[in-house]
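What follows is the content of work_5.txt, which has compact mmCIF, N, CA and C atoms:
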```txt
# COMPACT_ATOMS: atom_id res chain seq x y z
N GLY A 276 255.67 41.74 -93.60
CA GLY A 276 254.55 41.05 -92.96
C GLY A 276 253.29 41.11 -93.80
N ASP A 277 252.27 40.51 -93.29
CA ASP A 277 250.99 40.49 -93.99
C ASP A 277 250.30 41.84 -93.94
N VAL A 278 249.51 42.10 -94.95
CA VAL A 278 248.68 43.30 -94.98
C VAL A 278 247.24 42.82 -95.03
N GLU A 279 246.41 43.42 -94.18
CA GLU A 279 245.00 43.08 -94.20
C GLU A 279 244.22 44.34 -94.58
N ALA A 280 243.36 44.24 -95.59
CA ALA A 280 242.51 45.37 -95.99
C ALA A 280 241.10 45.08 -95.49
N VAL A 281 240.54 46.02 -94.72
CA VAL A 281 239.22 45.81 -94.13
C VAL A 281 238.28 46.93 -94.54
N HIS A 282 237.07 46.55 -94.95
CA HIS A 282 236.01 47.51 -95.24
C HIS A 282 235.01 47.42 -94.09
N PHE A 283 234.84 48.52 -93.35
CA PHE A 283 233.97 48.52 -92.17
C PHE A 283 232.55 48.98 -92.48
N GLY A 284 232.23 49.14 -93.75
CA GLY A 284 230.91 49.68 -94.09
C GLY A 284 231.01 51.16 -94.38
N PRO A 285 229.87 51.83 -94.56
CA PRO A 285 229.90 53.24 -94.93
C PRO A 285 230.57 54.12 -93.88
N GLY A 286 231.39 55.05 -94.31
CA GLY A 286 232.05 56.00 -93.40
C GLY A 286 232.22 57.32 -94.12
N HIS A 287 233.45 57.59 -94.60
CA HIS A 287 233.71 58.79 -95.42
C HIS A 287 232.88 58.68 -96.71
N THR A 288 232.94 57.50 -97.36
CA THR A 288 232.07 57.14 -98.48
C THR A 288 231.58 55.73 -98.19
N ASN A 289 231.04 55.04 -99.19
CA ASN A 289 230.64 53.64 -98.95
C ASN A 289 231.73 52.66 -99.38
N GLY A 290 232.92 53.16 -99.71
CA GLY A 290 233.97 52.26 -100.19
C GLY A 290 235.31 52.44 -99.51
N ASP A 291 235.31 52.79 -98.23
CA ASP A 291 236.58 53.02 -97.53
C ASP A 291 237.25 51.72 -97.14
N LEU A 292 238.55 51.65 -97.38
CA LEU A 292 239.34 50.51 -96.92
C LEU A 292 240.34 50.98 -95.89
N VAL A 293 240.54 50.17 -94.86
CA VAL A 293 241.56 50.43 -93.85
C VAL A 293 242.60 49.32 -93.99
N LEU A 294 243.87 49.70 -94.05
CA LEU A 294 244.95 48.72 -94.20
C LEU A 294 245.66 48.53 -92.87
N PHE A 295 245.75 47.29 -92.45
CA PHE A 295 246.46 46.93 -91.22
C PHE A 295 247.77 46.24 -91.58
N PHE A 296 248.90 46.90 -91.27
CA PHE A 296 250.22 46.30 -91.42
C PHE A 296 250.67 45.91 -90.02
N ASP A 297 251.94 45.63 -89.89
CA ASP A 297 252.51 45.31 -88.59
C ASP A 297 252.73 46.61 -87.81
N GLY A 298 251.81 46.92 -86.89
CA GLY A 298 251.97 48.13 -86.07
C GLY A 298 251.63 49.42 -86.78
N LEU A 299 251.10 49.30 -87.99
CA LEU A 299 250.77 50.48 -88.79
C LEU A 299 249.37 50.31 -89.36
N VAL A 300 248.55 51.36 -89.22
CA VAL A 300 247.18 51.30 -89.73
C VAL A 300 246.97 52.50 -90.66
N VAL A 301 246.65 52.22 -91.92
CA VAL A 301 246.40 53.28 -92.89
C VAL A 301 244.90 53.52 -92.95
N LEU A 302 244.49 54.72 -92.50
CA LEU A 302 243.08 55.02 -92.28
C LEU A 302 242.37 55.63 -93.48
N GLY A 303 243.13 56.19 -94.42
CA GLY A 303 242.49 56.90 -95.53
C GLY A 303 241.67 58.06 -95.01
N ASP A 304 240.63 58.41 -95.74
CA ASP A 304 239.85 59.61 -95.39
C ASP A 304 238.82 59.39 -94.28
N LEU A 305 238.87 58.24 -93.60
CA LEU A 305 238.03 58.06 -92.42
C LEU A 305 238.47 59.02 -91.31
N VAL A 306 239.74 59.41 -91.34
CA VAL A 306 240.28 60.26 -90.27
C VAL A 306 241.06 61.43 -90.86
N TRP A 307 240.74 62.61 -90.36
CA TRP A 307 241.50 63.82 -90.67
C TRP A 307 241.99 64.36 -89.33
N THR A 308 243.29 64.30 -89.09
CA THR A 308 243.85 64.69 -87.80
C THR A 308 243.40 66.09 -87.37
N GLY A 309 242.85 66.16 -86.15
CA GLY A 309 242.53 67.45 -85.54
C GLY A 309 241.39 68.22 -86.19
N SER A 310 240.60 67.54 -87.03
CA SER A 310 239.54 68.22 -87.76
C SER A 310 238.27 67.40 -87.74
N PHE A 311 237.12 68.09 -87.80
CA PHE A 311 235.87 67.36 -88.00
C PHE A 311 236.01 66.56 -89.30
N PRO A 312 235.43 65.37 -89.38
CA PRO A 312 235.58 64.56 -90.58
C PRO A 312 234.68 65.04 -91.72
N TYR A 313 235.10 64.71 -92.93
CA TYR A 313 234.25 64.97 -94.09
C TYR A 313 233.52 63.69 -94.43
N VAL A 314 232.21 63.71 -94.28
CA VAL A 314 231.39 62.54 -94.60
C VAL A 314 230.63 62.85 -95.88
N ASP A 315 230.96 62.12 -96.93
CA ASP A 315 230.38 62.36 -98.25
C ASP A 315 229.08 61.57 -98.40
N ILE A 316 228.01 62.18 -97.92
CA ILE A 316 226.70 61.52 -97.91
C ILE A 316 226.24 61.17 -99.32
N HIS A 317 226.59 62.00 -100.30
CA HIS A 317 226.18 61.75 -101.69
C HIS A 317 226.86 60.52 -102.28
N ASN A 318 227.97 60.10 -101.67
CA ASN A 318 228.66 58.89 -102.12
C ASN A 318 228.58 57.78 -101.08
N GLY A 319 227.46 57.75 -100.36
CA GLY A 319 227.21 56.64 -99.45
C GLY A 319 227.86 56.76 -98.09
N GLY A 320 228.44 57.93 -97.78
CA GLY A 320 229.05 58.11 -96.47
C GLY A 320 228.01 58.15 -95.37
N SER A 321 228.45 57.88 -94.14
CA SER A 321 227.54 57.82 -93.00
C SER A 321 228.27 58.23 -91.72
N VAL A 322 227.68 59.17 -91.00
CA VAL A 322 228.27 59.59 -89.71
C VAL A 322 228.22 58.42 -88.73
N ALA A 323 227.08 57.74 -88.67
CA ALA A 323 226.95 56.57 -87.77
C ALA A 323 227.97 55.51 -88.15
N GLY A 324 228.11 55.25 -89.45
CA GLY A 324 229.07 54.26 -89.93
C GLY A 324 230.51 54.63 -89.62
N LEU A 325 230.81 55.92 -89.74
CA LEU A 325 232.16 56.41 -89.43
C LEU A 325 232.48 56.16 -87.96
N GLU A 326 231.54 56.47 -87.09
CA GLU A 326 231.74 56.27 -85.65
C GLU A 326 232.00 54.79 -85.35
N VAL A 327 231.22 53.91 -85.95
CA VAL A 327 231.38 52.46 -85.76
C VAL A 327 232.73 51.99 -86.29
N ALA A 328 233.09 52.45 -87.48
CA ALA A 328 234.37 52.04 -88.09
C ALA A 328 235.55 52.40 -87.19
N ILE A 329 235.54 53.62 -86.66
CA ILE A 329 236.67 54.06 -85.84
C ILE A 329 236.70 53.30 -84.52
N ARG A 330 235.52 53.02 -83.96
CA ARG A 330 235.46 52.19 -82.74
C ARG A 330 236.07 50.81 -83.02
N GLN A 331 235.73 50.21 -84.17
CA GLN A 331 236.25 48.89 -84.53
C GLN A 331 237.78 48.92 -84.71
N ILE A 332 238.27 49.98 -85.34
CA ILE A 332 239.72 50.12 -85.55
C ILE A 332 240.43 50.21 -84.20
N ILE A 333 239.87 50.98 -83.28
CA ILE A 333 240.46 51.12 -81.94
C ILE A 333 240.51 49.75 -81.25
N LEU A 334 239.43 49.00 -81.35
CA LEU A 334 239.36 47.68 -80.70
C LEU A 334 240.40 46.70 -81.26
N ARG A 335 240.75 46.87 -82.53
CA ARG A 335 241.72 45.97 -83.18
C ARG A 335 243.16 46.40 -82.98
N SER A 336 243.38 47.56 -82.38
CA SER A 336 244.71 48.15 -82.34
C SER A 336 245.39 47.99 -80.99
N LYS A 337 246.72 48.16 -81.02
CA LYS A 337 247.54 48.07 -79.81
C LYS A 337 248.14 49.44 -79.49
N PRO A 338 248.49 49.68 -78.21
CA PRO A 338 249.00 50.99 -77.79
C PRO A 338 250.16 51.55 -78.63
N GLY A 339 251.06 50.73 -79.13
CA GLY A 339 252.21 51.25 -79.88
C GLY A 339 251.94 51.51 -81.35
N ASP A 340 250.75 51.17 -81.83
CA ASP A 340 250.44 51.31 -83.26
C ASP A 340 250.48 52.76 -83.71
N LYS A 341 250.84 52.95 -84.97
CA LYS A 341 250.81 54.28 -85.59
C LYS A 341 249.67 54.30 -86.60
N PHE A 342 248.99 55.43 -86.68
CA PHE A 342 247.83 55.57 -87.56
C PHE A 342 248.07 56.67 -88.58
N ILE A 343 247.93 56.33 -89.86
CA ILE A 343 248.17 57.29 -90.92
C ILE A 343 246.82 57.76 -91.47
N PRO A 344 246.47 59.03 -91.21
CA PRO A 344 245.17 59.55 -91.66
C PRO A 344 245.22 59.99 -93.11
N GLY A 345 244.04 60.24 -93.68
CA GLY A 345 243.96 60.76 -95.04
C GLY A 345 244.50 62.18 -95.13
N HIS A 346 244.31 62.95 -94.07
CA HIS A 346 244.80 64.33 -94.00
C HIS A 346 245.37 64.57 -92.62
N GLY A 347 246.54 65.19 -92.55
CA GLY A 347 247.10 65.56 -91.26
C GLY A 347 248.22 64.63 -90.81
N ASN A 348 248.65 64.83 -89.57
CA ASN A 348 249.81 64.13 -89.03
C ASN A 348 249.48 62.71 -88.59
N VAL A 349 250.52 61.89 -88.55
CA VAL A 349 250.40 60.53 -88.02
C VAL A 349 249.92 60.61 -86.58
N MET A 350 249.06 59.68 -86.19
CA MET A 350 248.46 59.69 -84.86
C MET A 350 248.86 58.45 -84.06
N ASN A 351 248.78 58.57 -82.73
CA ASN A 351 248.92 57.39 -81.88
C ASN A 351 247.52 56.95 -81.44
N LEU A 352 247.44 55.86 -80.69
CA LEU A 352 246.15 55.31 -80.31
C LEU A 352 245.33 56.28 -79.46
N ASN A 353 245.99 56.99 -78.54
CA ASN A 353 245.26 57.96 -77.70
C ASN A 353 244.64 59.07 -78.54
N GLU A 354 245.38 59.53 -79.56
CA GLU A 354 244.85 60.58 -80.44
C GLU A 354 243.67 60.06 -81.26
N LEU A 355 243.73 58.79 -81.67
CA LEU A 355 242.61 58.21 -82.41
C LEU A 355 241.39 58.08 -81.49
N LYS A 356 241.63 57.72 -80.23
CA LYS A 356 240.52 57.63 -79.26
C LYS A 356 239.89 59.00 -79.03
N GLU A 357 240.71 60.04 -79.00
CA GLU A 357 240.22 61.41 -78.83
C GLU A 357 239.36 61.81 -80.04
N TYR A 358 239.81 61.43 -81.23
CA TYR A 358 239.06 61.70 -82.47
C TYR A 358 237.70 61.00 -82.42
N HIS A 359 237.71 59.75 -81.97
CA HIS A 359 236.46 58.99 -81.86
C HIS A 359 235.52 59.65 -80.85
N GLU A 360 236.07 60.08 -79.73
CA GLU A 360 235.30 60.75 -78.68
C GLU A 360 234.63 62.03 -79.23
N MET A 361 235.39 62.77 -80.06
CA MET A 361 234.86 64.00 -80.67
C MET A 361 233.65 63.66 -81.55
N ILE A 362 233.77 62.64 -82.40
CA ILE A 362 232.66 62.26 -83.28
C ILE A 362 231.45 61.83 -82.45
N ASP A 363 231.70 60.95 -81.51
CA ASP A 363 230.63 60.39 -80.68
C ASP A 363 229.92 61.49 -79.88
N SER A 364 230.69 62.36 -79.24
CA SER A 364 230.12 63.41 -78.38
C SER A 364 229.39 64.49 -79.16
N THR A 365 229.98 64.93 -80.27
CA THR A 365 229.32 65.99 -81.05
C THR A 365 228.05 65.44 -81.69
N ARG A 366 228.08 64.20 -82.14
CA ARG A 366 226.90 63.59 -82.76
C ARG A 366 225.78 63.46 -81.73
N THR A 367 226.11 62.99 -80.53
CA THR A 367 225.12 62.86 -79.46
C THR A 367 224.54 64.22 -79.10
N TYR A 368 225.40 65.22 -78.96
CA TYR A 368 224.96 66.56 -78.60
C TYR A 368 223.98 67.12 -79.65
N VAL A 369 224.36 67.04 -80.91
CA VAL A 369 223.53 67.59 -81.98
C VAL A 369 222.19 66.85 -82.06
N GLN A 370 222.23 65.53 -81.93
CA GLN A 370 220.99 64.74 -81.97
C GLN A 370 220.06 65.11 -80.81
N GLN A 371 220.64 65.29 -79.62
CA GLN A 371 219.83 65.65 -78.45
C GLN A 371 219.19 67.03 -78.61
N GLU A 372 219.95 67.99 -79.13
CA GLU A 372 219.41 69.33 -79.38
C GLU A 372 218.26 69.25 -80.39
N HIS A 373 218.45 68.43 -81.41
CA HIS A 373 217.43 68.25 -82.45
C HIS A 373 216.17 67.60 -81.87
N LEU A 374 216.37 66.64 -80.99
CA LEU A 374 215.24 65.96 -80.34
C LEU A 374 214.45 66.91 -79.43
N LYS A 375 215.14 67.93 -78.91
CA LYS A 375 214.45 68.95 -78.09
C LYS A 375 213.60 69.88 -78.95
N GLY A 376 213.65 69.67 -80.27
CA GLY A 376 212.83 70.46 -81.17
C GLY A 376 213.55 71.61 -81.85
N LYS A 377 214.88 71.68 -81.67
CA LYS A 377 215.64 72.77 -82.30
C LYS A 377 215.86 72.46 -83.79
N ALA A 378 215.67 73.48 -84.61
CA ALA A 378 215.94 73.36 -86.04
C ALA A 378 217.45 73.38 -86.27
N VAL A 379 217.86 72.88 -87.44
CA VAL A 379 219.28 72.86 -87.80
C VAL A 379 219.91 74.24 -87.63
N ASP A 380 219.24 75.27 -88.15
CA ASP A 380 219.79 76.63 -88.09
C ASP A 380 219.99 77.12 -86.66
N GLU A 381 219.09 76.73 -85.76
CA GLU A 381 219.22 77.10 -84.34
C GLU A 381 220.46 76.44 -83.73
N ILE A 382 220.65 75.16 -84.05
CA ILE A 382 221.80 74.43 -83.50
C ILE A 382 223.10 75.02 -84.05
N VAL A 383 223.11 75.34 -85.35
CA VAL A 383 224.28 75.97 -85.97
C VAL A 383 224.57 77.31 -85.30
N GLN A 384 223.52 78.08 -85.04
CA GLN A 384 223.65 79.40 -84.41
C GLN A 384 224.30 79.28 -83.03
N THR A 385 223.80 78.35 -82.22
CA THR A 385 224.35 78.12 -80.88
C THR A 385 225.74 77.50 -80.96
N GLY A 386 225.91 76.60 -81.90
CA GLY A 386 227.19 75.92 -82.07
C GLY A 386 227.38 74.78 -81.10
N LEU A 387 228.52 74.14 -81.20
CA LEU A 387 228.86 73.01 -80.34
C LEU A 387 229.45 73.52 -79.03
N PRO A 388 229.45 72.67 -77.99
CA PRO A 388 230.12 73.06 -76.74
C PRO A 388 231.58 73.46 -77.01
N ASP A 389 232.08 74.40 -76.20
CA ASP A 389 233.42 74.97 -76.42
C ASP A 389 234.53 73.95 -76.55
N VAL A 390 234.38 72.83 -75.86
CA VAL A 390 235.44 71.81 -75.88
C VAL A 390 235.73 71.31 -77.30
N TRP A 391 234.76 71.42 -78.21
CA TRP A 391 234.94 70.91 -79.58
C TRP A 391 235.23 72.01 -80.61
N LYS A 392 235.32 73.27 -80.18
CA LYS A 392 235.51 74.39 -81.12
C LYS A 392 236.78 74.26 -81.96
N GLY A 393 237.83 73.74 -81.36
CA GLY A 393 239.13 73.66 -82.03
C GLY A 393 239.19 72.68 -83.20
N TRP A 394 238.16 71.89 -83.39
CA TRP A 394 238.15 70.89 -84.46
C TRP A 394 237.67 71.46 -85.79
N SER A 395 237.18 72.69 -85.78
CA SER A 395 236.72 73.35 -86.99
C SER A 395 237.90 73.56 -87.94
N SER A 396 237.69 73.34 -89.24
CA SER A 396 238.76 73.56 -90.21
C SER A 396 238.17 74.21 -91.46
N ASP A 397 239.04 74.65 -92.37
CA ASP A 397 238.57 75.24 -93.63
C ASP A 397 237.74 74.24 -94.42
N LEU A 398 238.16 72.98 -94.42
CA LEU A 398 237.45 71.95 -95.18
C LEU A 398 236.12 71.59 -94.54
N VAL A 399 236.13 71.44 -93.21
CA VAL A 399 234.89 71.10 -92.50
C VAL A 399 234.71 72.03 -91.31
N PRO A 400 234.12 73.23 -91.56
CA PRO A 400 233.81 74.11 -90.44
C PRO A 400 232.70 73.51 -89.57
N GLU A 401 232.56 74.05 -88.37
CA GLU A 401 231.60 73.53 -87.41
C GLU A 401 230.17 73.42 -87.97
N ASP A 402 229.72 74.44 -88.69
CA ASP A 402 228.35 74.42 -89.21
C ASP A 402 228.13 73.27 -90.20
N VAL A 403 229.15 72.99 -90.99
CA VAL A 403 229.06 71.89 -91.97
C VAL A 403 228.97 70.56 -91.24
N TRP A 404 229.76 70.40 -90.19
CA TRP A 404 229.73 69.15 -89.40
C TRP A 404 228.35 68.95 -88.76
N ILE A 405 227.79 70.02 -88.16
CA ILE A 405 226.46 69.94 -87.54
C ILE A 405 225.41 69.53 -88.59
N LYS A 406 225.45 70.18 -89.75
CA LYS A 406 224.49 69.86 -90.82
C LYS A 406 224.67 68.44 -91.33
N THR A 407 225.92 67.97 -91.39
CA THR A 407 226.21 66.61 -91.84
C THR A 407 225.61 65.59 -90.88
N ILE A 408 225.76 65.83 -89.59
CA ILE A 408 225.19 64.92 -88.58
C ILE A 408 223.69 64.80 -88.77
N LEU A 409 223.02 65.92 -88.96
CA LEU A 409 221.56 65.90 -89.09
C LEU A 409 221.09 65.46 -90.47
N ALA A 410 221.84 65.76 -91.50
CA ALA A 410 221.46 65.35 -92.85
C ALA A 410 221.41 63.85 -92.92
N HIS A 411 222.36 63.22 -92.22
CA HIS A 411 222.40 61.77 -92.27
C HIS A 411 221.32 61.12 -91.43
N ASP A 412 221.12 61.68 -90.24
CA ASP A 412 220.29 60.96 -89.25
C ASP A 412 218.79 61.17 -89.40
N GLU A 413 218.38 62.06 -90.29
CA GLU A 413 216.93 62.29 -90.45
C GLU A 413 216.33 61.27 -91.39
```
Show me this structure written as structure tokens.
Amino acid sequence: GDVEAVHFGPGHTNGDLVLFFDGLVVLGDLVWTGSFPYVDIHNGGSVAGLEVAIRQIILRSKPGDKFIPGHGNVMNLNELKEYHEMIDSTRTYVQQEHLKGKAVDEIVQTGLPDVWKGWSSDLVPEDVWIKTILAHDE
């Protein structure tokens, strides 16, 4: 079948491509299964862009589709939606704490709500994800 390559704008870097096959979506480094994402701000990456890209991918996808991440296991649509929810919720939480006047170090000290603790990984621990959210949005 046909293959469609789509660039959704800045995400992991500023040059991410997503490949849509028949029932198969190759996500590259936009998605790391079960882990906070790595957003390479120095190479044009964007947390806001990543959130938008994943929302767009979800909108284009069907329930039976399989998603191949850059790191980790193949995902189904529900797992991709959960990943999107994690990005959206943690980003909103960190931004709100920052708007209340908390410094980055204070937010790192307190950490994210418990529901997101399990997403920490060796590559992207929780503190790095919090700093990434704020580094981009300031």
Write out as a list in words the set of residues from segment 326-387 of chain A that DSSP, computed on the backbone, places in strand (DSSP E or B).
Lys341, Phe342, Ile343, Pro344, Gly345, His346 and Met350 of chain A
Considering all atoms listed in the file, state which residue in the set A:Asp402, A:Ala323, A:Asn318, A:Tyr313 is at the smallest distance from Gly386 of chain A.
A:Asp402
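Using all atoms listed in the file, the nearest neighbour of Leu305 of chain A within the list A:His346, A:His373, A:Lys392, A:Arg335 is A:His346.
The coordinates place atom CA of Ile343 of chain A at 5.4 Å from atom C of Val301 of chain A.
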Figure out the distance between atom CA of Leu325 of chain A and atom CA of Leu355 of chain A, please, to one decimal in Å.
12.7 Å
Please measure the separation of atom CA of His282 of chain A and atom CA of Val322 of chain A, giving the value in Å to one decimal.
15.4 Å
Could you pull the residues within 9 Å of Asn351 of chain A, counting only C-alpha atoms, minus those fewer than 4 positions along the same chain, as a PyMOL selection string?
chain A and resi 338-342+355-356
Write the residues of the preceding selection, restricted to N, CA and C atoms, as a PDB file, in the frame of the given file.
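As written to disk, out_22.pdb reads:
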```
ATOM      1  N   PRO A 338     248.490  49.680 -78.210  1.00  0.00           N
ATOM      2  CA  PRO A 338     249.000  50.990 -77.790  1.00  0.00           C
ATOM      3  C   PRO A 338     250.160  51.550 -78.630  1.00  0.00           C
ATOM      4  N   GLY A 339     251.060  50.730 -79.130  1.00  0.00           N
ATOM      5  CA  GLY A 339     252.210  51.250 -79.880  1.00  0.00           C
ATOM      6  C   GLY A 339     251.940  51.510 -81.350  1.00  0.00           C
ATOM      7  N   ASP A 340     250.750  51.170 -81.830  1.00  0.00           N
ATOM      8  CA  ASP A 340     250.440  51.310 -83.260  1.00  0.00           C
ATOM      9  C   ASP A 340     250.480  52.760 -83.710  1.00  0.00           C
ATOM     10  N   LYS A 341     250.840  52.950 -84.970  1.00  0.00           N
ATOM     11  CA  LYS A 341     250.810  54.280 -85.590  1.00  0.00           C
ATOM     12  C   LYS A 341     249.670  54.300 -86.600  1.00  0.00           C
ATOM     13  N   PHE A 342     248.990  55.430 -86.680  1.00  0.00           N
ATOM     14  CA  PHE A 342     247.830  55.570 -87.560  1.00  0.00           C
ATOM     15  C   PHE A 342     248.070  56.670 -88.580  1.00  0.00           C
ATOM     16  N   LEU A 355     243.730  58.790 -81.670  1.00  0.00           N
ATOM     17  CA  LEU A 355     242.610  58.210 -82.410  1.00  0.00           C
ATOM     18  C   LEU A 355     241.390  58.080 -81.490  1.00  0.00           C
ATOM     19  N   LYS A 356     241.630  57.720 -80.230  1.00  0.00           N
ATOM     20  CA  LYS A 356     240.520  57.630 -79.260  1.00  0.00           C
ATOM     21  C   LYS A 356     239.890  59.000 -79.030  1.00  0.00           C
TER      22      LYS A 356
END
```
Within 6.5 Å of Asp277 of chain A, counting only N, CA and C atoms, which residues qualify if same-chain residues fewer than 6 places away don't, as a count of residues only?
3
Could you write out as AutoDock Vina command-line options the box around segment 342-350 of chain A (axis-aligned, all atoms listed in the file, 3 Å on each side), with centre and edge lengths in Å to one decimal?
```
--center_x 247.2 --center_y 60.5 --center_z -89.6 --size_x 12.6 --size_y 16.1 --size_z 17.1
```
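Proximity ranking of A:Val379, A:Lys337, A:Tyr358, A:Pro312 relative to Asp397 of chain A places A:Pro312 first, based on only C-alpha atoms.
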Would you kindly return, as a VMD selection string, each protein, DNA or RNA residue with an atom no farther than 7 Å from any atom of Thr288 of chain A, considering only C-alpha atoms and excluding same-chain residues fewer than 6 positions away?
chain A and resid 314 to 316 318 to 320
Counting only N, CA and C atoms, the residue among A:Ile405, A:Ile362, A:Met350, A:Val399 that lies closest to Glu326 of chain A is A:Ile362
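Closest to Thr367 of chain A among A:Ala328, A:Leu409, A:Leu398, A:Ile333 is A:Leu409, based on only C-alpha atoms.
With only C-alpha atoms as the atoms that count, the residue of A:Asp389, A:Thr407, A:Ser310, A:Gly284 with the shortest distance to Asn348 of chain A is A:Ser310.
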When you look at Gln384 of chain A with a cut-off of 12 Å (counting only C-alpha atoms), what residues show up, excluding the ones that are within fewer than 4 positions of it in the same chain? I need them as a list in words.
Lys377, Ala378, Val379, Asp380, Pro388, Glu401, Asp402, Val403, Ile405 and Lys406 of chain A
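Within 7 Å of Val281 of chain A, once only N, CA and C atoms are used and residues closer than 6 positions along the same chain are dropped, the contacting residues are A:Asp291, A:Leu292, A:Val293, A:Leu294, A:Phe295.
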Completion of segment 370-384 of chain A up to N, CA, C and O atoms, as a CSV table (one decimal), in the coordinates of the input:
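This is the output file part_35.csv:
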```csv
chain,number,residue,atom,x,y,z
A,370,GLN,N,222.2,65.5,-81.9
A,370,GLN,CA,221.0,64.7,-82.0
A,370,GLN,C,220.1,65.1,-80.8
A,370,GLN,O,218.9,65.2,-81.0
A,371,GLN,N,220.6,65.3,-79.6
A,371,GLN,CA,219.8,65.6,-78.4
A,371,GLN,C,219.2,67.0,-78.6
A,371,GLN,O,218.0,67.2,-78.3
A,372,GLU,N,220.0,68.0,-79.1
A,372,GLU,CA,219.4,69.3,-79.4
A,372,GLU,C,218.3,69.2,-80.4
A,372,GLU,O,217.2,69.9,-80.2
A,373,HIS,N,218.4,68.4,-81.4
A,373,HIS,CA,217.4,68.2,-82.4
A,373,HIS,C,216.2,67.6,-81.9
A,373,HIS,O,215.1,68.0,-82.2
A,374,LEU,N,216.4,66.6,-81.0
A,374,LEU,CA,215.2,66.0,-80.3
A,374,LEU,C,214.4,66.9,-79.4
A,374,LEU,O,213.3,66.7,-79.2
A,375,LYS,N,215.1,67.9,-78.9
A,375,LYS,CA,214.4,69.0,-78.1
A,375,LYS,C,213.6,69.9,-79.0
A,375,LYS,O,213.0,70.8,-78.4
A,376,GLY,N,213.6,69.7,-80.3
A,376,GLY,CA,212.8,70.5,-81.2
A,376,GLY,C,213.6,71.6,-81.8
A,376,GLY,O,212.9,72.4,-82.5
A,377,LYS,N,214.9,71.7,-81.7
A,377,LYS,CA,215.6,72.8,-82.3
A,377,LYS,C,215.9,72.5,-83.8
A,377,LYS,O,216.2,71.3,-84.2
A,378,ALA,N,215.7,73.5,-84.6
A,378,ALA,CA,215.9,73.4,-86.0
A,378,ALA,C,217.4,73.4,-86.3
A,378,ALA,O,218.2,73.9,-85.4
A,379,VAL,N,217.9,72.9,-87.4
A,379,VAL,CA,219.3,72.9,-87.8
A,379,VAL,C,219.9,74.2,-87.6
A,379,VAL,O,221.0,74.4,-87.0
A,380,ASP,N,219.2,75.3,-88.2
A,380,ASP,CA,219.8,76.6,-88.1
A,380,ASP,C,220.0,77.1,-86.7
A,380,ASP,O,221.0,77.8,-86.4
A,381,GLU,N,219.1,76.7,-85.8
A,381,GLU,CA,219.2,77.1,-84.3
A,381,GLU,C,220.5,76.4,-83.7
A,381,GLU,O,221.2,77.1,-83.0
A,382,ILE,N,220.6,75.2,-84.0
A,382,ILE,CA,221.8,74.4,-83.5
A,382,ILE,C,223.1,75.0,-84.0
A,382,ILE,O,224.1,75.2,-83.3
A,383,VAL,N,223.1,75.3,-85.4
A,383,VAL,CA,224.3,76.0,-86.0
A,383,VAL,C,224.6,77.3,-85.3
A,383,VAL,O,225.7,77.6,-85.0
A,384,GLN,N,223.5,78.1,-85.0
A,384,GLN,CA,223.6,79.4,-84.4
A,384,GLN,C,224.3,79.3,-83.0
A,384,GLN,O,225.2,80.0,-82.7
```
